[in-house]
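Working notes, structure below.
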Amino acid sequence: MLLLDSIFIGLLEASPLILAAMGFTLIFYLNGFMNIAYAESITFGAYFAILFNVVLGAHFYLAIVPSMLLSGALSVAVYLGIFRPALNRGVGPTEMIILSVGVSFLLRYGLILAVGPVNMFLNEPNITYLQFLGMGATNLQLVALVLVLIAAGTLYWMIYNTGLGEQMRGLANNHDLAMASGINPHRTSVAIWFIAGCAGGLSGIFSGVFAQVTPYMGWNVILITMLVTIVAGVGSVRGAVIAAVAAGILTAFITLVTKPLYAEVILLTMFIAVLTFRGARTA
Amino acid sequence: MDYLIFSFSLMLVYIGLAQLLHIQFGMAGIPNFGVVGFWGLGLYGTGVLYLTYDVPLFIAIAMASLLSAAAGYVLALLVLQRSGQAVLAATLALSAIIATLIVSEKDITGGVQGLGTIKFPFGDMDGRNIVFMVFILIVVIALVWLSAKLRDSRMGRQLVAIRDNEELAASLGKNTASTKRWVFAVTCGMMGVLGGMSAPLHQFLVPYQLAPSLTFAVWIALVLGGKGHNLGATVGVFVTFGLFDILIETYAPVPAEQAILLPNFKLFCYGLVLIMIIMFRPRGMLGEDKPRVRARPAQAQGVPRET
């Protein structure tokens, strides 16, 4: 029962993490650096939802799509404005991470300067508590789970079965060869950054509606996202999904058994252990 | 006046941390994103030893820094031979673990309620905060001097060789793994010393002080000043912490309602500056400095030249 509970709670809790990890992995795979500024895709997704849902008064479910697209557009803008010029200048992977920290600071504190450092709440659609097979969840959580599964499934299908995914994998594995085979790296990159931004935004919208929207919400999950991605192996989207689900279920399990704070400690320790024992495959 | 002395002391601590990061990242190429964790172990270690076990302050600092060094050594043993990105994530994770444990183990650390009060050493002397600041200054100057010595030494050249091409350095018969491990452990231990010295500065310890923003402040300062230059850390901290936290926050005529947003504006500017530096001047303001090696007298033929 404990196991079943933790799988169920873990899946519900991990649903935003799955999307975030997939998006983060896409960029990591394509451009070979960990984009800390991806945290802001998550945060801005939630704030765009605030804009449509609270300021403009649209229904929550209607606000999801435009917020997600805006988040993707922001991601593309950051790529074209900052990361692509930096990559063209030959900035190394570690420096790219530092650069992305700078971008992250710029966006996050720019946002705070613009909207103020207060926490906000999305207007949730009416919530009913459903129960079946002895397990309870709100309708919102179930909708989120289903939407996340759909989005994750689409993303997965796109990466492994479509031309764009194939182009991306080609570019990531051998940039020159991919270009010689007629793949336009520019177009593919823009598409991938857009999709990754959309995934991050969606993840932010759902974690925002479950709790609250704060300027630090993306930053708070980026460490786990990063570790999930590294543990999964460079750019394995398949691995990222599995690792994110595992991390979610594990967190739920440890939280049920001990204190919530220990869940984080144990999870992070396990990540370090995984890095130790199969680090050769990472980056 | 007391506030200014506090700010200057804190700035010196930042310079020390950035200098150690210069050794770790600038010389040896180890991206340590867990600076605040090692610093915090020193801080809280000193606080707990001093308050709960009545250990004299300086002995408490020494013991706490051993704890930081041990944590650095164990982490180095686990992940230091992995890729840079793995090291970066692991150090960041370690600092998150330390920060969480300090909140959760409230029987030892006081949890979110905090731990205090840690008094300045030197009894009831007048101006002991100034004396303590001078003490920190001496330690930091010693650090800068030592790191210049390290740069000029064989060990320093070995570290640079490891940073640039570890396989090559290893093929020349250097035990690169062990060297990196020890350098990392010792520098982490010194971060612990700086943490211990911050304990009487803060006087009251709360988990909030272990937020990762300290790590990033130190990184930004080092990258800005020049990660490969011995004085890069000093210059970088002067330009970031000195300019914003001391000059602007103390003297700028900012109306009260905007003053709350000032720290956010500061971090916004840090982000902007960081982007500019990486894009247009990746080696930082000072660039890189070459080791100063004394000219050797010409040697007779047939005698193998020592390099």
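Ligands are numbered from 1 in the order shown, residues from 1 within each chain, and chains are lettered A, B, ... in the order they appear in the structure tokens.
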Could I get the residues of segment 173-272 of chain A with an atom no further than 8 Å from an atom of segment 138-158 of chain A, each paired with its nearest atom pair and that distance in Å to one decimal, using only C-alpha atoms, sorted by chain and residue number, as JSON lines?
{"residue": "A:Ala199", "atom": "CA", "partner": "A:Ala151", "partner_atom": "CA", "distance": 7.9}
{"residue": "A:Phe206", "atom": "CA", "partner": "A:Ala144", "partner_atom": "CA", "distance": 6.7}
{"residue": "A:Phe210", "atom": "CA", "partner": "A:Gln141", "partner_atom": "CA", "distance": 7.8}
{"residue": "A:Val237", "atom": "CA", "partner": "A:Tyr156", "partner_atom": "CA", "distance": 7.4}
{"residue": "A:Arg238", "atom": "CA", "partner": "A:Tyr156", "partner_atom": "CA", "distance": 7.5}
Sel. of helix (DSSP H, G or I) residues, segment 66-183 of chain B, as a VMD selection string: chain B and resid 66 to 79 84 to 104 106 to 109 111 to 113 128 to 152 154 to 164 166 to 171 176 to 183
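Near chain A, within 6 Å and counting only C-alpha atoms, the residues of chain B are Leu78, Val79, Arg82, Ala90, Ala93, Ile97, Asn264, Phe268, Gly271, Leu272, Leu274 and Ile275 of chain B.
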Please, what distance in Å, to one decimal, runs between atom CA of Phe241 of chain B and atom CA of Gln19 of chain B?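 Answer for the atom CA of Phe241 of chain B to atom CA of Gln19 of chain B separation: 14.4 Å.
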Between B:Leu224, B:Tyr50, B:Leu94, B:Ile23, which has the minimum distance to Pro212 of chain B (counting only C-alpha atoms)?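 Among the listed residues, B:Leu94 lies closest to Pro212 of chain B.
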Skipping near chain neighbours, those fewer than 5 positions away, what residues fall within 10 Å of Lys290 of chain B using only C-alpha atoms, listed as a PDB file with C-alpha atoms, in the first residue's frame?
ATOM      1  CA  ARG B 151      51.129  29.980  -8.980  1.00  0.00           C
ATOM      2  CA  ASP B 152      54.913  30.286  -9.196  1.00  0.00           C
ATOM      3  CA  GLY B 228      43.188  33.467 -14.008  1.00  0.00           C
ATOM      4  CA  HIS B 229      44.724  36.490 -12.320  1.00  0.00           C
ATOM      5  CA  ASN B 230      45.995  36.463  -8.784  1.00  0.00           C
TER       6      ASN B 230
END
Could you please determine the separation between atom CA of Gly57 of chain A and atom CA of Ser203 of chain A in Å, to one decimal place?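 Going from atom CA of Gly57 of chain A over to atom CA of Ser203 of chain A, I get 20.9 Å.
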